[in-house]
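Heads up, the thing below is written out as C-alpha cells.
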Amino acid sequence: MGWIGETVDSIKSIKIRQLLTQAVTLGMIVTSALIIWKALMCVTGTESPVVVVLSGSMEPGFQRGDILFLRMTKEPIRTGEIVVFNIDGRDIPIVHRAIEVHERKTTGEVDVLTKGDNNDVDDIGLYADGQMWLHRHHIMGRAVGFLPYVGWVTIIMTEKPIIKYILIGALGLLVITSKD
Amino acid sequence: MHSFGYRANALLTFAVTILAFICAIASFSDNFSNQAPSAQIQILNINWFQKQPHGNDEVSLTMNITADLQSLFTWNTKQVFAFVAAEYETSKNTLNQVSLWDAIIPEKEEANFWIQISNKYRFIDQGHNLRGKDFNLTLHWHVMPKTGKMFADKIVMSGYRLPNAYR
C-alpha cells in the first residue's frame, strides 16, 4: 500500500516543465525508433524488413516464433530462395520456399511456385482462385537471416492483446513516476 | 538510481545486447568455414514422357543421387536443405527451374548419402518443349543456421537430355 501512496504523491508533485521535458524525451525515443525502421526499409528494399514466423509449415528449419530478416533486390527469384509473399485478399504474409521458376524471355517476368518445407503439397491451394503462379508484385522479400524465439513477444502480444495494454500501461507509469 | 527497477532494467538491457552480439559473432564465424561439397547425379531411367491433356509436357524419371555435404555443417548449423532442380531454356522462357527432389538434412552424419528415387515433384513444362531437350541438373543447398545469416550455393551438372519422342 505504501507503494501506491508514493505513486500518488509523485504524480501530484509533477511540475509542468518536467512533464514537458519527459514528453519531449519520449517523443524523441519514438521518433528515433521510427527513423531506424524507415531506414531499415530503405536498406533492405522491402516494406517489412523483419517478419515473425507464424505457422509450422517450414519446420524444422523455422519454428513458430522465430524472426526472419528480409531483403529484396532487383534480381529475379530463383528456386530454393525462401520468399515471403502476400496472397491477394489476405493480409497475413506467408513464408515458403520457391520450388519452381519460369522466367519469360520477352518481359523478364517470373512465374514462381512455392511450397512449405514441412508441407506435402505445393501452395497452389493457397493462392487465389484461378491463380497458378506467384509474380514479383506478390513477393515482399527473400529471407536472408534468422533469429530463433525472439518473435514470441510479438505473437503473444497479438494473440492476447490484454498483455499489450498491461505492458504499455506499466511502461507509461514507469515514465511518469521516474524521478528524472 | 539504485532501486530494484533500475537495476533490473540495466541488467536486462545489457543481457539482451550481449546476446545479440553473440548471435552476430556466431553468424560471422560461418564465413570462415571451408566448404567443399561434392555431388553426382545419374539418370537411371525415363519412366514416362507424355503430353498431358492440358497441353504441357510431363516427364517422370528415376535418378541416382550421390552427395557429400558434410563440409557444409558448422557448429552454427541447424539443418541443410538440399534439393535437385532441372534447369533448361525454352523458346518462350530464358530459364525454367523445376525442383525434382528435396531433403532436409538435420545432422552432419546424414549429409553423406546415396539415394535412388523417382522425382518427388512433378516435372511439368509450361508448354510442350521438352522433346530432345538438353537440361542441367543442379544440386542446390541452403544452410539454415541456428542464428544469423543463411547461405546457399549449388553444383551444376550438365549434359542430360530428354528423349526425342514421347514414350
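We name chains A, B, ... following the order of the C-alpha cells; residues begin at 1 in each chain, and ligands are numbered from 1 as shown.
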Select residues of chain A: the criterion is any atom within 9 Å of an atom of chain B, counting only C-alpha atoms; output as a PyMOL selection string. chain A and resi 60-62+69+78-81+98-106+108+117+143-148+179
Could you save those same residues with N, CA and C atoms as a tab-separated table (two decimals), in the first residue's frame?
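Generated file (result29.tsv):
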chain	number	residue	atom	x	y	z
A	60	PRO	N	11.59	-28.39	-39.83
A	60	PRO	CA	12.17	-27.94	-38.58
A	60	PRO	C	13.10	-26.74	-38.71
A	61	GLY	N	13.21	-26.17	-39.88
A	61	GLY	CA	14.11	-25.03	-40.03
A	61	GLY	C	13.62	-23.79	-39.32
A	62	PHE	N	12.36	-23.42	-39.58
A	62	PHE	CA	11.80	-22.23	-38.94
A	62	PHE	C	10.63	-22.67	-38.08
A	69	PHE	N	14.92	-12.03	-41.21
A	69	PHE	CA	15.32	-10.76	-41.80
A	69	PHE	C	15.17	-10.86	-43.30
A	78	ARG	N	14.82	-17.14	-57.74
A	78	ARG	CA	15.30	-18.43	-58.23
A	78	ARG	C	14.84	-19.52	-57.27
A	79	THR	N	14.84	-20.77	-57.73
A	79	THR	CA	14.38	-21.85	-56.85
A	79	THR	C	15.30	-21.95	-55.64
A	80	GLY	N	14.70	-22.36	-54.53
A	80	GLY	CA	15.45	-22.54	-53.30
A	80	GLY	C	15.40	-21.33	-52.40
A	81	GLU	N	15.07	-20.19	-52.98
A	81	GLU	CA	15.02	-19.00	-52.15
A	81	GLU	C	13.77	-19.04	-51.29
A	98	ALA	N	10.62	-21.25	-52.82
A	98	ALA	CA	10.27	-21.35	-54.24
A	98	ALA	C	10.76	-22.69	-54.76
A	99	ILE	N	9.88	-23.49	-55.34
A	99	ILE	CA	10.35	-24.76	-55.90
A	99	ILE	C	10.31	-24.79	-57.41
A	100	GLU	N	9.64	-23.84	-58.04
A	100	GLU	CA	9.61	-23.84	-59.49
A	100	GLU	C	9.62	-22.40	-59.97
A	101	VAL	N	10.44	-22.13	-61.00
A	101	VAL	CA	10.56	-20.76	-61.53
A	101	VAL	C	10.57	-20.82	-63.04
A	102	HIS	N	9.78	-19.97	-63.68
A	102	HIS	CA	9.85	-19.85	-65.14
A	102	HIS	C	10.03	-18.38	-65.47
A	103	GLU	N	11.11	-18.06	-66.16
A	103	GLU	CA	11.37	-16.64	-66.47
A	103	GLU	C	11.11	-16.38	-67.94
A	104	ARG	N	10.24	-15.41	-68.23
A	104	ARG	CA	9.87	-15.11	-69.62
A	104	ARG	C	10.99	-14.41	-70.33
A	105	LYS	N	11.23	-14.82	-71.55
A	105	LYS	CA	12.27	-14.18	-72.35
A	105	LYS	C	11.92	-12.73	-72.64
A	106	THR	N	10.68	-12.51	-73.04
A	106	THR	CA	10.30	-11.18	-73.55
A	106	THR	C	10.25	-10.14	-72.44
A	108	GLY	N	10.97	-10.71	-68.95
A	108	GLY	CA	11.77	-10.87	-67.74
A	108	GLY	C	10.94	-11.18	-66.51
A	117	ASP	N	8.42	-26.26	-46.58
A	117	ASP	CA	9.27	-27.45	-46.42
A	117	ASP	C	8.54	-28.58	-45.71
A	143	ALA	N	14.17	-14.23	-47.50
A	143	ALA	CA	14.73	-14.35	-46.15
A	143	ALA	C	16.23	-14.54	-46.26
A	144	VAL	N	16.99	-13.69	-45.56
A	144	VAL	CA	18.45	-13.84	-45.61
A	144	VAL	C	19.04	-14.17	-44.26
A	145	GLY	N	18.29	-13.90	-43.18
A	145	GLY	CA	18.86	-14.18	-41.87
A	145	GLY	C	17.75	-14.56	-40.91
A	146	PHE	N	18.14	-15.01	-39.74
A	146	PHE	CA	17.15	-15.66	-38.89
A	146	PHE	C	17.60	-15.59	-37.43
A	147	LEU	N	16.64	-15.34	-36.55
A	147	LEU	CA	16.92	-15.37	-35.12
A	147	LEU	C	15.84	-16.21	-34.46
A	148	PRO	N	16.20	-17.17	-33.65
A	148	PRO	CA	15.16	-18.03	-33.07
A	148	PRO	C	14.48	-17.38	-31.88
A	179	LYS	N	12.00	9.66	-11.36
A	179	LYS	CA	12.37	10.92	-10.75
A	179	LYS	C	13.25	11.79	-11.65
Interatomic distance, atom CA of Ser71 of chain B to atom CA of Ile105 of chain B (Å, one decimal): 12.7 Å
Please provide the set of residues having any atom within 10 Å of Val43 of chain A, restricted to only C-alpha atoms, with same-chain residues fewer than 6 positions apart removed, written as JSON, numbers by chain. {"A": [37, 49, 71, 72]}
Residues from the last selection, N, CA, C and O atoms, saved as a JSON list (two decimals), in the first residue's frame:
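File written: part-v4.json
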[["chain", "number", "residue", "atom", "x", "y", "z"],
["A", 37, "TRP", "N", 13.42, 2.33, -38.26],
["A", 37, "TRP", "CA", 12.57, 1.39, -39.00],
["A", 37, "TRP", "C", 12.49, 1.77, -40.47],
["A", 37, "TRP", "O", 12.64, 0.94, -41.36],
["A", 49, "PRO", "N", 11.05, -5.32, -43.20],
["A", 49, "PRO", "CA", 12.39, -5.92, -43.15],
["A", 49, "PRO", "C", 12.49, -7.09, -42.17],
["A", 49, "PRO", "O", 13.41, -7.88, -42.27],
["A", 71, "ARG", "N", 15.22, -9.26, -47.35],
["A", 71, "ARG", "CA", 15.85, -8.32, -48.25],
["A", 71, "ARG", "C", 15.24, -8.51, -49.61],
["A", 71, "ARG", "O", 14.89, -9.63, -50.00],
["A", 72, "MET", "N", 15.07, -7.43, -50.34],
["A", 72, "MET", "CA", 14.52, -7.56, -51.69],
["A", 72, "MET", "C", 15.43, -6.84, -52.67],
["A", 72, "MET", "O", 15.69, -5.67, -52.51]]
Using only C-alpha atoms: which of B:Phe14, B:Phe49, B:Phe28, B:Phe21 has the shortest distance to Asn164 of chain B: B:Phe49
How many Å lie between atom CA of Gln131 of chain A and atom CA of Val112 of chain A, rounded to one decimal?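 Taking atom CA of Gln131 of chain A and atom CA of Val112 of chain A, their separation equals 11.1 Å.
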Can you pull out every residue from segment 5-139 of chain A that DSSP, working from the backbone, puts in strand (DSSP E), and format the result as a ChimeraX atom specification? /A:50-52,67-71,82-85,94-104,110-115,139
How many Å lie between atom CA of Asn86 of chain A and atom CA of Val150 of chain A, rounded to one decimal? 22.5 Å
For Met157 of chain B, find every residue with an atom within 12 Å (counting only C-alpha atoms), except residues of its own chain fewer than 3 positions away, and show them as an MDAnalysis selection string. chainID B and resid 38:43 65 84:88 134:140 154 160:161
Limited to C-alpha atoms, could you put the picked residues into a file as a compact mmCIF listing (two decimals), in the first residue's frame?
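Final output, saved to selection_28.txt:
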# COMPACT_ATOMS: atom_id res chain seq x y z
CA SER B 38 30.57 -32.84 -53.92
CA ALA B 39 27.71 -34.46 -55.76
CA GLN B 40 26.85 -36.69 -58.67
CA ILE B 41 23.53 -37.40 -60.31
CA GLN B 42 22.81 -40.19 -62.71
CA ILE B 43 19.55 -40.60 -64.56
CA ILE B 65 21.82 -39.04 -56.36
CA VAL B 84 17.77 -31.12 -57.10
CA ALA B 85 16.34 -28.91 -59.83
CA ALA B 86 16.18 -29.44 -63.56
CA GLU B 87 17.14 -26.26 -65.41
CA TYR B 88 16.56 -25.64 -69.09
CA ASP B 134 19.12 -30.62 -73.11
CA PHE B 135 18.97 -29.76 -69.46
CA ASN B 136 21.14 -29.32 -66.39
CA LEU B 137 20.56 -30.99 -63.07
CA THR B 138 21.63 -28.72 -60.28
CA LEU B 139 22.03 -29.75 -56.67
CA HIS B 140 21.25 -26.70 -54.55
CA LYS B 154 24.83 -25.07 -55.88
CA TYR B 160 21.43 -34.52 -69.60
CA ARG B 161 19.00 -34.90 -72.45
Taking the DSSP secondary structure from the backbone, can you list the residues of segment 33-66 of chain A that are alpha helix (DSSP H), as JSON, numbers by chain? {"A": [33, 34, 35, 36, 37, 38, 39, 40, 41, 42, 43, 44]}
Using only C-alpha atoms, which protein or nucleic acid residues come within 7 Å of segment 112-118 of chain B? Drop anything in the same chain fewer than 5 positions from it, and give the result as a PDB file with N, CA, C and O atoms, in the first residue's frame.
ATOM      1  N   LEU B  61      11.156 -39.406 -64.101  1.00  0.00           N
ATOM      2  CA  LEU B  61      12.430 -40.082 -64.253  1.00  0.00           C
ATOM      3  C   LEU B  61      12.939 -40.613 -62.920  1.00  0.00           C
ATOM      4  O   LEU B  61      12.528 -40.145 -61.862  1.00  0.00           O
ATOM      5  N   THR B  62      13.788 -41.619 -63.013  1.00  0.00           N
ATOM      6  CA  THR B  62      14.398 -42.185 -61.805  1.00  0.00           C
ATOM      7  C   THR B  62      15.856 -41.766 -61.776  1.00  0.00           C
ATOM      8  O   THR B  62      16.567 -41.924 -62.768  1.00  0.00           O
ATOM      9  N   MET B  63      16.292 -41.232 -60.631  1.00  0.00           N
ATOM     10  CA  MET B  63      17.651 -40.714 -60.545  1.00  0.00           C
ATOM     11  C   MET B  63      18.394 -41.411 -59.436  1.00  0.00           C
ATOM     12  O   MET B  63      17.794 -41.891 -58.473  1.00  0.00           O
ATOM     13  N   ASN B  64      19.711 -41.370 -59.576  1.00  0.00           N
ATOM     14  CA  ASN B  64      20.593 -41.887 -58.560  1.00  0.00           C
ATOM     15  C   ASN B  64      21.390 -40.679 -58.078  1.00  0.00           C
ATOM     16  O   ASN B  64      22.159 -40.115 -58.836  1.00  0.00           O
ATOM     17  N   ILE B  65      21.173 -40.258 -56.844  1.00  0.00           N
ATOM     18  CA  ILE B  65      21.821 -39.036 -56.362  1.00  0.00           C
ATOM     19  C   ILE B  65      22.837 -39.397 -55.296  1.00  0.00           C
ATOM     20  O   ILE B  65      22.493 -40.026 -54.287  1.00  0.00           O
ATOM     21  N   THR B  66      24.088 -39.010 -55.536  1.00  0.00           N
ATOM     22  CA  THR B  66      25.137 -39.237 -54.538  1.00  0.00           C
ATOM     23  C   THR B  66      25.681 -37.894 -54.138  1.00  0.00           C
ATOM     24  O   THR B  66      25.985 -37.082 -55.009  1.00  0.00           O
ATOM     25  N   ALA B  67      25.826 -37.654 -52.847  1.00  0.00           N
ATOM     26  CA  ALA B  67      26.358 -36.347 -52.465  1.00  0.00           C
ATOM     27  C   ALA B  67      27.072 -36.428 -51.132  1.00  0.00           C
ATOM     28  O   ALA B  67      26.721 -37.244 -50.274  1.00  0.00           O
ATOM     29  N   ASP B  68      28.079 -35.576 -50.982  1.00  0.00           N
ATOM     30  CA  ASP B  68      28.755 -35.458 -49.691  1.00  0.00           C
ATOM     31  C   ASP B  68      28.704 -33.991 -49.293  1.00  0.00           C
ATOM     32  O   ASP B  68      29.459 -33.171 -49.794  1.00  0.00           O
ATOM     33  N   LEU B  69      27.781 -33.681 -48.389  1.00  0.00           N
ATOM     34  CA  LEU B  69      27.606 -32.287 -47.988  1.00  0.00           C
ATOM     35  C   LEU B  69      28.092 -32.067 -46.570  1.00  0.00           C
ATOM     36  O   LEU B  69      27.715 -31.111 -45.914  1.00  0.00           O
ATOM     37  N   GLN B  70      28.951 -32.967 -46.083  1.00  0.00           N
ATOM     38  CA  GLN B  70      29.343 -32.865 -44.671  1.00  0.00           C
ATOM     39  C   GLN B  70      30.119 -31.604 -44.369  1.00  0.00           C
ATOM     40  O   GLN B  70      30.015 -31.044 -43.288  1.00  0.00           O
TER      41      GLN B  70
END
Can you pull out the residues contacting Arg142 of chain A? Cut-off 10 Å, using only C-alpha atoms, and skip same-chain residues under 6 positions away; I want them as an mmCIF file with all heavy atoms, in the first residue's frame.
data_model
loop_
_atom_site.group_PDB
_atom_site.id
_atom_site.type_symbol
_atom_site.label_atom_id
_atom_site.label_comp_id
_atom_site.auth_asym_id
_atom_site.auth_seq_id
_atom_site.Cartn_x
_atom_site.Cartn_y
_atom_site.Cartn_z
ATOM 1 N N THR A 44 16.920 -2.477 -46.917
ATOM 2 C CA THR A 44 16.611 -3.843 -47.331
ATOM 3 C C THR A 44 15.708 -3.892 -48.549
ATOM 4 O O THR A 44 15.543 -4.941 -49.154
ATOM 5 C CB THR A 44 15.922 -4.614 -46.195
ATOM 6 O OG1 THR A 44 14.708 -3.958 -45.872
ATOM 7 C CG2 THR A 44 16.803 -4.668 -44.970
ATOM 8 N N THR A 46 12.515 -3.622 -48.771
ATOM 9 C CA THR A 46 11.200 -4.248 -48.635
ATOM 10 C C THR A 46 10.390 -3.512 -47.575
ATOM 11 O O THR A 46 10.939 -2.868 -46.706
ATOM 12 C CB THR A 46 11.331 -5.731 -48.256
ATOM 13 O OG1 THR A 46 10.143 -6.151 -47.635
ATOM 14 C CG2 THR A 46 12.469 -5.953 -47.305
ATOM 15 N N PRO A 49 11.050 -5.325 -43.196
ATOM 16 C CA PRO A 49 12.387 -5.923 -43.146
ATOM 17 C C PRO A 49 12.494 -7.092 -42.173
ATOM 18 O O PRO A 49 13.407 -7.884 -42.268
ATOM 19 C CB PRO A 49 13.294 -4.772 -42.700
ATOM 20 C CG PRO A 49 12.426 -3.658 -42.354
ATOM 21 C CD PRO A 49 11.039 -3.933 -42.763
ATOM 22 N N LEU A 68 12.555 -13.540 -39.066
ATOM 23 C CA LEU A 68 13.330 -13.610 -40.288
ATOM 24 C C LEU A 68 13.672 -12.211 -40.752
ATOM 25 O O LEU A 68 12.832 -11.316 -40.719
ATOM 26 C CB LEU A 68 12.508 -14.283 -41.393
ATOM 27 C CG LEU A 68 12.181 -15.749 -41.198
ATOM 28 C CD1 LEU A 68 11.298 -16.227 -42.306
ATOM 29 C CD2 LEU A 68 13.451 -16.548 -41.177
ATOM 30 N N PHE A 69 14.916 -12.029 -41.212
ATOM 31 C CA PHE A 69 15.320 -10.760 -41.799
ATOM 32 C C PHE A 69 15.167 -10.863 -43.304
ATOM 33 O O PHE A 69 15.640 -11.810 -43.917
ATOM 34 C CB PHE A 69 16.777 -10.465 -41.438
ATOM 35 C CG PHE A 69 16.992 -10.361 -39.959
ATOM 36 C CD1 PHE A 69 17.601 -11.376 -39.268
ATOM 37 C CD2 PHE A 69 16.551 -9.239 -39.272
ATOM 38 C CE1 PHE A 69 17.788 -11.280 -37.898
ATOM 39 C CE2 PHE A 69 16.736 -9.148 -37.900
ATOM 40 C CZ PHE A 69 17.348 -10.169 -37.218
ATOM 41 N N LEU A 70 14.503 -9.887 -43.885
ATOM 42 C CA LEU A 70 14.216 -9.964 -45.307
ATOM 43 C C LEU A 70 15.021 -8.944 -46.090
ATOM 44 O O LEU A 70 15.408 -7.904 -45.576
ATOM 45 C CB LEU A 70 12.733 -9.673 -45.558
ATOM 46 C CG LEU A 70 11.721 -10.535 -44.839
ATOM 47 C CD1 LEU A 70 10.344 -10.196 -45.320
ATOM 48 C CD2 LEU A 70 12.011 -11.995 -45.054
ATOM 49 N N ARG A 71 15.220 -9.262 -47.352
ATOM 50 C CA ARG A 71 15.854 -8.315 -48.254
ATOM 51 C C ARG A 71 15.236 -8.505 -49.615
ATOM 52 O O ARG A 71 14.889 -9.626 -50.004
ATOM 53 C CB ARG A 71 17.341 -8.625 -48.300
ATOM 54 C CG ARG A 71 18.091 -7.819 -49.321
ATOM 55 C CD ARG A 71 19.538 -7.790 -48.977
ATOM 56 N NE ARG A 71 19.742 -6.889 -47.855
ATOM 57 C CZ ARG A 71 20.858 -6.825 -47.149
ATOM 58 N NH1 ARG A 71 21.840 -7.621 -47.431
ATOM 59 N NH2 ARG A 71 20.987 -5.983 -46.179
ATOM 60 N N MET A 72 15.074 -7.425 -50.345
ATOM 61 C CA MET A 72 14.517 -7.556 -51.693
ATOM 62 C C MET A 72 15.426 -6.844 -52.665
ATOM 63 O O MET A 72 15.686 -5.667 -52.508
ATOM 64 C CB MET A 72 13.118 -6.920 -51.728
ATOM 65 C CG MET A 72 12.354 -7.243 -52.989
ATOM 66 S SD MET A 72 12.070 -9.014 -53.092
ATOM 67 C CE MET A 72 11.150 -9.091 -54.586
ATOM 68 N N THR A 73 15.941 -7.564 -53.656
ATOM 69 C CA THR A 73 16.768 -6.911 -54.662
ATOM 70 C C THR A 73 16.088 -7.060 -56.014
ATOM 71 O O THR A 73 15.114 -7.786 -56.163
ATOM 72 C CB THR A 73 18.154 -7.564 -54.740
ATOM 73 O OG1 THR A 73 17.978 -8.911 -55.167
ATOM 74 C CG2 THR A 73 18.828 -7.552 -53.380
ATOM 75 N N ILE A 77 13.724 -13.972 -58.879
ATOM 76 C CA ILE A 77 13.605 -15.050 -57.902
ATOM 77 C C ILE A 77 14.119 -16.339 -58.516
ATOM 78 O O ILE A 77 13.881 -16.611 -59.683
ATOM 79 C CB ILE A 77 12.122 -15.251 -57.516
ATOM 80 C CG1 ILE A 77 11.491 -13.924 -57.142
ATOM 81 C CG2 ILE A 77 11.977 -16.256 -56.411
ATOM 82 C CD1 ILE A 77 11.847 -13.427 -55.805
ATOM 83 N N GLU A 81 15.073 -20.188 -52.984
ATOM 84 C CA GLU A 81 15.018 -18.998 -52.146
ATOM 85 C C GLU A 81 13.766 -19.044 -51.290
ATOM 86 O O GLU A 81 12.704 -19.452 -51.744
ATOM 87 C CB GLU A 81 15.012 -17.743 -53.025
ATOM 88 C CG GLU A 81 16.337 -17.550 -53.724
ATOM 89 C CD GLU A 81 16.351 -16.358 -54.661
ATOM 90 O OE1 GLU A 81 15.298 -15.705 -54.780
ATOM 91 O OE2 GLU A 81 17.392 -16.091 -55.251
ATOM 92 N N ILE A 82 13.943 -18.600 -50.048
ATOM 93 C CA ILE A 82 12.794 -18.563 -49.145
ATOM 94 C C ILE A 82 12.156 -17.192 -49.293
ATOM 95 O O ILE A 82 12.779 -16.177 -49.005
ATOM 96 C CB ILE A 82 13.250 -18.807 -47.702
ATOM 97 C CG1 ILE A 82 13.895 -20.179 -47.628
ATOM 98 C CG2 ILE A 82 12.085 -18.704 -46.751
ATOM 99 C CD1 ILE A 82 14.449 -20.510 -46.288
ATOM 100 N N VAL A 83 10.929 -17.178 -49.788
ATOM 101 C CA VAL A 83 10.282 -15.906 -50.079
ATOM 102 C C VAL A 83 9.102 -15.685 -49.166
ATOM 103 O O VAL A 83 8.449 -16.631 -48.723
ATOM 104 C CB VAL A 83 9.791 -15.831 -51.546
ATOM 105 C CG1 VAL A 83 10.955 -15.778 -52.485
ATOM 106 C CG2 VAL A 83 8.896 -16.979 -51.879
ATOM 107 N N VAL A 84 8.838 -14.420 -48.893
ATOM 108 C CA VAL A 84 7.679 -14.035 -48.098
ATOM 109 C C VAL A 84 6.708 -13.344 -49.037
ATOM 110 O O VAL A 84 7.073 -12.385 -49.704
ATOM 111 C CB VAL A 84 8.103 -13.075 -46.972
ATOM 112 C CG1 VAL A 84 6.899 -12.642 -46.181
ATOM 113 C CG2 VAL A 84 9.108 -13.755 -46.082
ATOM 114 N N PHE A 85 5.493 -13.854 -49.101
ATOM 115 C CA PHE A 85 4.566 -13.297 -50.083
ATOM 116 C C PHE A 85 3.183 -13.110 -49.489
ATOM 117 O O PHE A 85 2.814 -13.717 -48.487
ATOM 118 C CB PHE A 85 4.487 -14.195 -51.325
ATOM 119 C CG PHE A 85 4.066 -15.613 -51.037
ATOM 120 C CD1 PHE A 85 2.728 -15.985 -51.084
ATOM 121 C CD2 PHE A 85 5.003 -16.574 -50.735
ATOM 122 C CE1 PHE A 85 2.346 -17.286 -50.828
ATOM 123 C CE2 PHE A 85 4.636 -17.876 -50.468
ATOM 124 C CZ PHE A 85 3.301 -18.240 -50.523
ATOM 125 N N VAL A 95 5.537 -17.462 -45.459
ATOM 126 C CA VAL A 95 6.969 -17.690 -45.707
ATOM 127 C C VAL A 95 7.154 -19.106 -46.208
ATOM 128 O O VAL A 95 7.011 -20.058 -45.437
ATOM 129 C CB VAL A 95 7.768 -17.543 -44.395
ATOM 130 C CG1 VAL A 95 9.240 -17.683 -44.668
ATOM 131 C CG2 VAL A 95 7.475 -16.232 -43.746
ATOM 132 N N HIS A 96 7.469 -19.274 -47.506
ATOM 133 C CA HIS A 96 7.698 -20.600 -48.051
ATOM 134 C C HIS A 96 8.854 -20.557 -49.019
ATOM 135 O O HIS A 96 9.384 -19.491 -49.325
ATOM 136 C CB HIS A 96 6.440 -21.116 -48.780
ATOM 137 C CG HIS A 96 5.383 -21.624 -47.850
ATOM 138 N ND1 HIS A 96 4.105 -21.923 -48.264
ATOM 139 C CD2 HIS A 96 5.404 -21.907 -46.532
ATOM 140 C CE1 HIS A 96 3.403 -22.348 -47.225
ATOM 141 N NE2 HIS A 96 4.163 -22.340 -46.167
ATOM 142 N N ARG A 97 9.205 -21.703 -49.569
ATOM 143 C CA ARG A 97 10.356 -21.786 -50.455
ATOM 144 C C ARG A 97 9.889 -21.900 -51.892
ATOM 145 O O ARG A 97 8.896 -22.577 -52.194
ATOM 146 C CB ARG A 97 11.155 -23.043 -50.080
ATOM 147 C CG ARG A 97 12.545 -23.067 -50.630
ATOM 148 C CD ARG A 97 13.219 -24.365 -50.261
ATOM 149 N NE ARG A 97 13.466 -24.493 -48.849
ATOM 150 C CZ ARG A 97 14.572 -24.077 -48.241
ATOM 151 N NH1 ARG A 97 15.508 -23.488 -48.935
ATOM 152 N NH2 ARG A 97 14.715 -24.242 -46.962
#
